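*Asks:* Okay, here's the structure, questions in a sec.
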Amino acid sequence: MLVLGALIAPAGVSAAAAAEVAPGDSVYIGSKEGYSGTGVFPIWSEGIPSGDPDLWAYCLENQVTAQTGRVGTVGDGGDFLGSNYFVDPAVQGKVLWVLAHSYPAVSLADLAASAGVAQISRNDAIEATQYAIWRYTDLTFDAAWPWETPDSEAAYWYLVNGANASPGLTPEDLEVMATVTAPDAAQVAGTLIGPFVVNTNRASASVSVDPAVAVTDVNGAAVALDAVVDGQELYLDLRASTAAGSATVRVAAEGSSSTGMVVSVPNVPGGTPTADDHAQSIILVAPEATQTTGEATVEWAAQPGAAEPVIGTSLVDAADGDRVLGWNGGAVIDTVAYQNLVPGTEYTVSGELVRKSDGQPTGITGSTTFTPTTANGSVGVNLVVPAGFAGDVLVAFEELFEGPDASGDPVAEHKDIDDLAQTVTVEQAPEAPEPFIGTSLVDAADQDHVLAPGGGTLIDTIAYRNLTPGTEYTVTGVLMDKANGEPTAITGSTTFTPTAPDGSVDVSFRVTAESAGTVLVAFEGLFVGTDVTGDPVAVHTDLDDAAQTVAVEAADPGVPTTPAPGGKGDLAATGAPAPIAGIAAALLAVLAGAVLMLTRRRRLVA
């Protein structure tokens, strides 16, 4: 197997991210943060503002106008374009000491403790640091700075007194190195894999391995991974493994070599700053959480003569043990049989269901971590199929990994789309019964099917079945003249929300004296929602249905017709029924069309 050399990762602003800069790089300078007279600039290392700042920067020139929202050029102390005291290497040393002992290179809590105050605000810490830098770059004495708070002044004196007492720092003092080299010889499972050699100029560094593997010294003794020193040799303990694999060793040391770099800023966006034409020069500082990292990856071959791990799976419905799952989903169990594992070694088996129709993953996953006591055995992986897979055929794909996580290269897998033993079929969803309505039209006064010649109120009780509880419906109807099959101008509707699939609701119709002598039949349509201009979900339009029929008695020629209580009298003379008749005709057209549509649908189903 080939052994890969070290791959150095860039340093960054946190343990999880990295963003190192070097002379010649471009960085983006954001708007100053802090008090109005002092501040710190957010810096993005890629030259564009994206996400959290990678670094921060303080001003090196008190008398030069600051410009933000533009790209500057990174350099070292010798690239400084200004003419103040910072040109002196001794002054640069004092400024570097201030940077290394102030915010954000150290936390606010640590700065407060060093300054002898209970706590310090971010703006106070920024002010103290900026004044301390200007004290060396633009002055040769301690000015009467306009302190915002006593805490800021206390932090200033801590920084200045410390810098004065120190010979100063050099760029080499702030440089951070963290690398690791991989072994240059071929590696084999069943041994200690190594050595990995750590190199750092910090007092110690931390080490991690992906995937997780025990780390030892050359004798197999455990080492402290949070206190690895320069030149220390590390080994991966693969003595209990027989399978081929790979791992990446990462080393991290606190700090960043970016601290102390100088950024020259143009006066004009996109311009080139010069000694005679530049905005403020600024000096970079990395936050306290910044780490410089390095990594190396190694691969190893399987132990000679060792049988390769093998797995096979059997997928069943957890409820009844067959390979058919209910249409609305449920739990399935994949029993993974394994062979040739190393007893006492931790393994993780991870599975996912894929659609047999297209081989695409469903996102339905499960995993089990176990430590076998024998080389051969089995372990179960539970997966839960949610609703929404009705009619699908699902196949389990499984992978076996060494260690507690499903990461790295699997030591065995079983991914056969045509293996019936790892296949379940999800039943088709049952067809929902269609909504249905039936009606019963009666005189509201005495509940019979005869209305007095003067008219009155009719109640049509709509019995419904198979509706969706919680969904709003509207039932609307028109009274038909049975003699000619034409609609009258008498309509009614009711909007309701059922709490159960089956029930009933009433629609009322107001009949006037002008309907005397007619036989009226109720036609009803049921719609989802309040809009009755679309297709109804159910209709009842039977002209011969006695249950939805009411006869209005003929008027006695010798007796004046008295309108029913609350009635409107003979509206025909006023012409008022005309628009209502138009509405009724339109409703009849909708219901008639619905009857034809539903009839055709039922014939097609039959």
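For the structure tokens, the naming scheme is as follows: chains receive sequential letters (A, B, ...) according to their order of presentation, residues are indexed from 1 within each chain, and ligands are indexed from 1 in presentation order.
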Among stretch 319-546 of chain A, which ones does DSSP assign to strand (DSSP E or B) (computed from the backbone)? Answer as a PyMOL selection string.

*Replies:* chain A and resi 324-325+330-339+347-355+361-370+377-385+393-402+412-414+423-426+436-443+450-451+456-465+473-481+486-496+503-511+519-528+538-540

*Asks:* Pull C-alpha atoms from the residues just selected and write them as a short mmCIF file (atom, residue, chain, number, x, y, z; two decimals), in the first residue's frame.

*Replies:*
```cif
data_model
loop_
_atom_site.label_atom_id
_atom_site.label_comp_id
_atom_site.auth_asym_id
_atom_site.auth_seq_id
_atom_site.Cartn_x
_atom_site.Cartn_y
_atom_site.Cartn_z
CA VAL A 324 -44.21 -6.80 3.27
CA LEU A 325 -44.67 -3.50 5.11
CA GLY A 330 -43.31 1.00 10.07
CA ALA A 331 -40.15 -0.46 11.57
CA VAL A 332 -37.94 -2.95 9.74
CA ILE A 333 -35.00 -4.93 11.10
CA ASP A 334 -31.95 -5.81 9.05
CA THR A 335 -30.12 -8.74 10.59
CA VAL A 336 -26.47 -8.43 9.56
CA ALA A 337 -24.55 -11.71 9.67
CA TYR A 338 -20.78 -11.24 9.87
CA GLN A 339 -17.74 -13.44 9.50
CA TYR A 347 -17.29 -2.24 15.00
CA THR A 348 -20.14 -0.16 13.61
CA VAL A 349 -22.56 -1.45 10.99
CA SER A 350 -24.50 1.27 9.15
CA GLY A 351 -27.39 0.79 6.73
CA GLU A 352 -29.60 2.76 4.40
CA LEU A 353 -32.69 1.83 2.43
CA VAL A 354 -32.64 2.52 -1.31
CA ARG A 355 -35.46 2.38 -3.84
CA PRO A 361 -31.14 6.43 -1.42
CA THR A 362 -34.21 7.23 0.64
CA GLY A 363 -32.47 8.89 3.57
CA ILE A 364 -33.81 6.15 5.86
CA THR A 365 -30.75 5.09 7.85
CA GLY A 366 -29.77 3.17 10.95
CA SER A 367 -26.61 1.97 12.65
CA THR A 368 -25.45 -0.29 15.46
CA THR A 369 -22.11 -0.28 17.27
CA PHE A 370 -21.03 -3.59 18.79
CA GLY A 377 -22.16 -13.83 14.47
CA SER A 378 -24.94 -11.38 13.72
CA VAL A 379 -26.29 -8.02 14.85
CA GLY A 380 -29.50 -6.15 14.08
CA VAL A 381 -29.91 -2.69 12.55
CA ASN A 382 -33.25 -0.97 13.10
CA LEU A 383 -34.68 1.34 10.44
CA VAL A 384 -38.00 3.18 10.50
CA VAL A 385 -39.90 3.72 7.25
CA VAL A 393 -39.74 -1.68 -3.03
CA LEU A 394 -36.89 -0.95 -0.61
CA VAL A 395 -33.50 -2.66 -0.41
CA ALA A 396 -31.08 -2.41 2.54
CA PHE A 397 -27.46 -1.47 1.79
CA GLU A 398 -25.09 -2.10 4.71
CA GLU A 399 -21.47 -1.13 5.48
CA LEU A 400 -19.23 -2.37 8.30
CA PHE A 401 -16.62 -0.08 9.89
CA GLU A 402 -14.01 -0.54 12.57
CA ALA A 412 -17.00 -4.92 4.48
CA GLU A 413 -20.24 -4.07 2.72
CA HIS A 414 -23.34 -5.69 1.24
CA THR A 423 -35.73 -6.41 0.21
CA VAL A 424 -39.12 -5.35 1.56
CA THR A 425 -42.19 -4.22 -0.37
CA VAL A 426 -44.37 -1.40 0.97
CA PHE A 436 -71.24 10.89 -0.81
CA ILE A 437 -74.35 12.88 0.02
CA GLY A 438 -78.05 12.07 0.29
CA THR A 439 -80.84 14.56 1.07
CA SER A 440 -84.23 14.74 2.72
CA LEU A 441 -86.39 17.81 2.01
CA VAL A 442 -89.24 18.64 4.40
CA ASP A 443 -91.49 21.49 5.50
CA VAL A 450 -96.31 19.19 1.72
CA LEU A 451 -96.10 22.97 1.90
CA GLY A 456 -92.73 28.75 3.90
CA THR A 457 -89.32 27.39 4.79
CA LEU A 458 -88.06 24.04 3.59
CA ILE A 459 -85.18 22.26 5.32
CA ASP A 460 -83.02 19.90 3.28
CA THR A 461 -81.02 17.66 5.61
CA ILE A 462 -77.83 16.61 3.81
CA ALA A 463 -76.44 13.33 5.08
CA TYR A 464 -72.76 13.00 4.14
CA ARG A 465 -70.20 10.24 4.27
CA TYR A 473 -66.95 22.32 2.92
CA THR A 474 -69.91 24.15 1.36
CA VAL A 475 -73.12 22.42 0.35
CA THR A 476 -75.32 24.44 -2.01
CA GLY A 477 -78.62 23.62 -3.62
CA VAL A 478 -81.41 24.73 -5.91
CA LEU A 479 -85.09 23.72 -5.95
CA MET A 480 -86.18 22.26 -9.27
CA ASP A 481 -89.68 22.37 -10.78
CA GLU A 486 -86.18 23.48 -14.82
CA PRO A 487 -84.56 25.28 -11.90
CA THR A 488 -86.52 27.75 -9.83
CA ALA A 489 -85.02 30.89 -8.38
CA ILE A 490 -84.93 29.28 -4.93
CA THR A 491 -81.40 28.49 -3.72
CA GLY A 492 -79.62 27.91 -0.42
CA SER A 493 -76.22 26.97 0.91
CA THR A 494 -74.37 26.13 4.13
CA THR A 495 -70.64 26.15 4.91
CA PHE A 496 -69.44 23.76 7.61
CA GLY A 503 -72.74 13.26 9.59
CA SER A 504 -75.37 15.69 8.38
CA VAL A 505 -75.97 19.39 7.83
CA ASP A 506 -79.06 21.43 6.95
CA VAL A 507 -79.71 23.75 4.00
CA SER A 508 -82.78 25.99 4.16
CA PHE A 509 -84.85 27.26 1.25
CA ARG A 510 -87.41 30.06 1.39
CA VAL A 511 -90.48 29.29 -0.80
CA VAL A 519 -93.74 20.09 -6.96
CA LEU A 520 -90.22 21.03 -5.90
CA VAL A 521 -87.17 18.76 -5.85
CA ALA A 522 -83.89 19.72 -4.14
CA PHE A 523 -80.66 19.34 -6.13
CA GLU A 524 -77.52 19.60 -3.93
CA GLY A 525 -73.76 19.85 -4.62
CA LEU A 526 -70.90 19.53 -2.11
CA PHE A 527 -67.74 21.59 -2.59
CA VAL A 528 -64.43 21.81 -0.74
CA ALA A 538 -70.36 14.98 -4.48
CA VAL A 539 -73.85 15.72 -5.85
CA HIS A 540 -77.41 14.53 -5.32
#
```

*Asks:* Quick one: residues within 12 Å of A:Val218, only C-alpha atoms, excluding same-chain residues fewer than 5 positions away - as a PyMOL selection string?

*Replies:* chain A and resi 191-197+223+232-237

*Asks:* Taking C-alpha atoms for each residue, export the selection above as a compact mmCIF listing (two decimals), in the first residue's frame.

*Replies:*
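Writing done, so here's part-v1.txt:
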```txt
# COMPACT_ATOMS: atom_id res chain seq x y z
CA THR A 191 0.78 -3.94 14.26
CA LEU A 192 1.56 -0.52 15.65
CA ILE A 193 1.28 1.82 12.64
CA GLY A 194 3.97 4.49 12.70
CA PRO A 195 5.90 6.41 13.60
CA PHE A 196 4.12 9.74 13.10
CA VAL A 197 6.54 12.51 14.10
CA VAL A 223 0.06 8.83 25.29
CA GLN A 232 7.44 13.06 19.78
CA GLU A 233 6.77 9.83 17.87
CA LEU A 234 3.25 8.43 17.81
CA TYR A 235 1.82 5.08 16.71
CA LEU A 236 -1.69 3.92 15.83
CA ASP A 237 -2.60 0.77 17.69
```

*Asks:* Where in stretch 83-329 of chain A does DSSP assign helix (DSSP H, G or I), given as a PyMOL selection string?

*Replies:* chain A and resi 85-87+89-100+108-115+122-137+150-165+171-174

*Asks:* Given only C-alpha atoms as the basis, pick out the residue of A:Pro150, A:Pro211, A:Gly30, A:Gly69 nearest to A:Asp409.

*Replies:* A:Pro211

*Asks:* My list of candidates is A:Glu514, A:Glu175, A:Asp502, A:Glu472. Which is closest to A:Thr530 when distances are computed with only C-alpha atoms?

*Replies:*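 Looking at the shortest contact to A:Thr530, the residue is A:Glu472.
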
*Asks:* In terms of the shortest atom-to-atom distance over only C-alpha atoms, which of A:Ser36, A:Thr313, A:Ser281, A:Asn164 is closest to A:Lys415?

*Replies:*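 Answer, going by the shortest atom-to-atom distance: A:Thr313.
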
*Asks:* I'd like the contact shell of stretch 179-190 of chain A - 6 Å cut-off, only C-alpha atoms, skipping same-chain residues fewer than 3 positions apart - returned as a ChimeraX atom specification.

*Replies:* /A:5-6,194-199,238-242,294-296,300-303

*Asks:* Create the file for the chosen residues now, containing N, CA and C atoms and written as a PDB file, in the first residue's frame.

*Replies:*
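Contents of the output file again-v5.pdb:
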```
ATOM      1  N   GLY A   5       2.305  11.267   2.347  1.00  0.00           N
ATOM      2  CA  GLY A   5       3.073  12.184   3.186  1.00  0.00           C
ATOM      3  C   GLY A   5       2.163  13.157   3.893  1.00  0.00           C
ATOM      4  N   ALA A   6       2.763  14.013   4.707  1.00  0.00           N
ATOM      5  CA  ALA A   6       1.999  14.979   5.496  1.00  0.00           C
ATOM      6  C   ALA A   6       1.319  15.997   4.594  1.00  0.00           C
ATOM      7  N   GLY A 194       3.231   3.281  12.415  1.00  0.00           N
ATOM      8  CA  GLY A 194       3.974   4.492  12.704  1.00  0.00           C
ATOM      9  C   GLY A 194       5.440   4.355  12.293  1.00  0.00           C
ATOM     10  N   PRO A 195       6.269   5.300  12.712  1.00  0.00           N
ATOM     11  CA  PRO A 195       5.903   6.413  13.601  1.00  0.00           C
ATOM     12  C   PRO A 195       5.386   7.644  12.847  1.00  0.00           C
ATOM     13  N   PHE A 196       4.483   8.399  13.512  1.00  0.00           N
ATOM     14  CA  PHE A 196       4.115   9.739  13.100  1.00  0.00           C
ATOM     15  C   PHE A 196       4.935  10.692  13.969  1.00  0.00           C
ATOM     16  N   VAL A 197       5.671  11.612  13.354  1.00  0.00           N
ATOM     17  CA  VAL A 197       6.543  12.512  14.102  1.00  0.00           C
ATOM     18  C   VAL A 197       5.930  13.913  14.119  1.00  0.00           C
ATOM     19  N   VAL A 198       5.715  14.435  15.324  1.00  0.00           N
ATOM     20  CA  VAL A 198       5.125  15.763  15.511  1.00  0.00           C
ATOM     21  C   VAL A 198       6.231  16.808  15.591  1.00  0.00           C
ATOM     22  N   ASN A 199       6.036  17.923  14.904  1.00  0.00           N
ATOM     23  CA  ASN A 199       6.986  19.035  14.953  1.00  0.00           C
ATOM     24  C   ASN A 199       6.224  20.309  15.304  1.00  0.00           C
ATOM     25  N   LEU A 238      -3.078  -0.757  15.861  1.00  0.00           N
ATOM     26  CA  LEU A 238      -3.889  -1.627  15.018  1.00  0.00           C
ATOM     27  C   LEU A 238      -3.598  -3.096  15.291  1.00  0.00           C
ATOM     28  N   ARG A 239      -3.104  -3.406  16.501  1.00  0.00           N
ATOM     29  CA  ARG A 239      -2.730  -4.779  16.806  1.00  0.00           C
ATOM     30  C   ARG A 239      -3.922  -5.715  16.827  1.00  0.00           C
ATOM     31  N   ALA A 240      -5.116  -5.199  17.103  1.00  0.00           N
ATOM     32  CA  ALA A 240      -6.293  -6.061  17.159  1.00  0.00           C
ATOM     33  C   ALA A 240      -7.041  -6.098  15.838  1.00  0.00           C
ATOM     34  N   SER A 241      -6.513  -5.451  14.799  1.00  0.00           N
ATOM     35  CA  SER A 241      -7.207  -5.380  13.520  1.00  0.00           C
ATOM     36  C   SER A 241      -6.490  -6.230  12.477  1.00  0.00           C
ATOM     37  N   THR A 242      -7.255  -6.794  11.565  1.00  0.00           N
ATOM     38  CA  THR A 242      -6.678  -7.562  10.462  1.00  0.00           C
ATOM     39  C   THR A 242      -6.995  -6.946   9.117  1.00  0.00           C
ATOM     40  N   GLY A 294      -1.718  20.886  11.269  1.00  0.00           N
ATOM     41  CA  GLY A 294      -1.081  20.097  10.220  1.00  0.00           C
ATOM     42  C   GLY A 294      -1.629  18.684  10.285  1.00  0.00           C
ATOM     43  N   GLU A 295      -1.520  17.930   9.219  1.00  0.00           N
ATOM     44  CA  GLU A 295      -2.047  16.575   9.224  1.00  0.00           C
ATOM     45  C   GLU A 295      -1.247  15.680   8.296  1.00  0.00           C
ATOM     46  N   ALA A 296      -1.349  14.397   8.539  1.00  0.00           N
ATOM     47  CA  ALA A 296      -0.711  13.391   7.692  1.00  0.00           C
ATOM     48  C   ALA A 296      -1.616  12.173   7.633  1.00  0.00           C
ATOM     49  N   TRP A 300      -2.844   1.332   5.370  1.00  0.00           N
ATOM     50  CA  TRP A 300      -2.191   0.078   5.700  1.00  0.00           C
ATOM     51  C   TRP A 300      -2.903  -1.093   5.026  1.00  0.00           C
ATOM     52  N   ALA A 301      -2.146  -2.114   4.770  1.00  0.00           N
ATOM     53  CA  ALA A 301      -2.671  -3.300   4.095  1.00  0.00           C
ATOM     54  C   ALA A 301      -3.262  -4.265   5.116  1.00  0.00           C
ATOM     55  N   ALA A 302      -4.091  -5.181   4.632  1.00  0.00           N
ATOM     56  CA  ALA A 302      -4.651  -6.210   5.505  1.00  0.00           C
ATOM     57  C   ALA A 302      -3.531  -7.113   6.011  1.00  0.00           C
ATOM     58  N   GLN A 303      -3.766  -7.693   7.159  1.00  0.00           N
ATOM     59  CA  GLN A 303      -2.781  -8.608   7.724  1.00  0.00           C
ATOM     60  C   GLN A 303      -2.641  -9.832   6.812  1.00  0.00           C
TER      61      GLN A 303
END
```

*Asks:* Of the candidates A:Tyr58, A:Thr38, A:Ala243, A:Gly312, which one gets nearest to A:Pro146 if we count only C-alpha atoms?

*Replies:*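 Among A:Tyr58, A:Thr38, A:Ala243, A:Gly312, it is A:Thr38 that comes nearest to A:Pro146.
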
*Asks:* Between atom CA of A:Val249 and atom CA of A:Glu346, what distance in Å does the model show, to one decimal?

*Replies:*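 Answer for the atom CA of A:Val249 to atom CA of A:Glu346 separation: 19.8 Å.
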
*Asks:* For A:Gly326, list every protein, DNA or RNA residue within 9 Å, evaluated using only C-alpha atoms, and leave out those in the same chain fewer than 5 positions away; present the list as a PDB file with N, CA and C atoms, in the first residue's frame.

*Replies:*
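The result, stored in around-v9.pdb:
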```pdb
ATOM      1  N   ASP A 317     -40.014  -7.065   8.081  1.00  0.00           N
ATOM      2  CA  ASP A 317     -40.925  -6.210   8.839  1.00  0.00           C
ATOM      3  C   ASP A 317     -40.796  -6.582  10.319  1.00  0.00           C
ATOM      4  N   ALA A 390     -45.504   4.330   0.143  1.00  0.00           N
ATOM      5  CA  ALA A 390     -46.466   3.333  -0.311  1.00  0.00           C
ATOM      6  C   ALA A 390     -46.175   2.941  -1.758  1.00  0.00           C
ATOM      7  N   THR A 425     -41.232  -4.921   0.488  1.00  0.00           N
ATOM      8  CA  THR A 425     -42.189  -4.216  -0.366  1.00  0.00           C
ATOM      9  C   THR A 425     -43.187  -3.476   0.513  1.00  0.00           C
ATOM     10  N   VAL A 426     -43.388  -2.198   0.243  1.00  0.00           N
ATOM     11  CA  VAL A 426     -44.369  -1.401   0.966  1.00  0.00           C
ATOM     12  C   VAL A 426     -45.684  -1.465   0.198  1.00  0.00           C
ATOM     13  N   GLU A 427     -46.739  -1.847   0.889  1.00  0.00           N
ATOM     14  CA  GLU A 427     -48.038  -2.010   0.235  1.00  0.00           C
ATOM     15  C   GLU A 427     -48.532  -0.694  -0.384  1.00  0.00           C
ATOM     16  N   GLN A 428     -49.366  -0.848  -1.405  1.00  0.00           N
ATOM     17  CA  GLN A 428     -50.015   0.310  -2.000  1.00  0.00           C
ATOM     18  C   GLN A 428     -51.013   0.903  -1.002  1.00  0.00           C
ATOM     19  N   ALA A 429     -51.151   2.208  -1.011  1.00  0.00           N
ATOM     20  CA  ALA A 429     -52.115   2.857  -0.128  1.00  0.00           C
ATOM     21  C   ALA A 429     -53.525   2.552  -0.594  1.00  0.00           C
TER      22      ALA A 429
END
```

*Asks:* With a distance cut-off of 7 Å and only C-alpha atoms, select the neighbouring residues of A:Ala163, excluding the residue or stretch itself and same-chain residues fewer than 2 positions from it, and output the selection as an mmCIF file with N, CA and C atoms, in the first residue's frame.

*Replies:*
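Just written: selection24.cif:
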```
data_model
loop_
_atom_site.group_PDB
_atom_site.id
_atom_site.type_symbol
_atom_site.label_atom_id
_atom_site.label_comp_id
_atom_site.auth_asym_id
_atom_site.auth_seq_id
_atom_site.Cartn_x
_atom_site.Cartn_y
_atom_site.Cartn_z
ATOM 1 N N LYS A 94 8.247 46.239 20.738
ATOM 2 C CA LYS A 94 7.325 46.636 21.797
ATOM 3 C C LYS A 94 5.866 46.433 21.348
ATOM 4 N N TRP A 97 4.888 42.874 21.459
ATOM 5 C CA TRP A 97 4.626 42.428 22.829
ATOM 6 C C TRP A 97 3.216 42.829 23.246
ATOM 7 N N VAL A 98 2.832 44.058 22.924
ATOM 8 C CA VAL A 98 1.482 44.530 23.262
ATOM 9 C C VAL A 98 0.434 43.649 22.587
ATOM 10 N N LEU A 159 -0.215 46.908 29.855
ATOM 11 C CA LEU A 159 0.439 46.634 28.574
ATOM 12 C C LEU A 159 1.724 47.457 28.411
ATOM 13 N N VAL A 160 1.685 48.721 28.734
ATOM 14 C CA VAL A 160 2.868 49.578 28.552
ATOM 15 C C VAL A 160 3.982 49.177 29.515
ATOM 16 N N ASN A 161 3.637 48.944 30.770
ATOM 17 C CA ASN A 161 4.666 48.545 31.734
ATOM 18 C C ASN A 161 5.297 47.205 31.348
ATOM 19 N N ALA A 165 9.231 46.692 30.191
ATOM 20 C CA ALA A 165 10.101 45.786 30.939
ATOM 21 C C ALA A 165 10.646 44.661 30.074
ATOM 22 N N SER A 166 10.096 44.499 28.865
ATOM 23 C CA SER A 166 10.511 43.401 27.992
ATOM 24 C C SER A 166 11.464 43.915 26.920
ATOM 25 N N GLY A 168 11.185 43.125 24.099
ATOM 26 C CA GLY A 168 10.356 43.100 22.894
ATOM 27 C C GLY A 168 10.340 41.728 22.264
#
```

*Asks:* Rounded to one decimal place, report the atom CA of A:Gly162-atom CA of A:Asp142 distance in Å.

*Replies:*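 Interatomic distance here is 13.8 Å.
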
*Asks:* Which is closest to A:Ser246 among A:Val213, A:Ala224, A:Ala132, A:Val176, if we use only C-alpha atoms?

*Replies:*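 Ranked by minimum distance to A:Ser246, first place goes to A:Val213.
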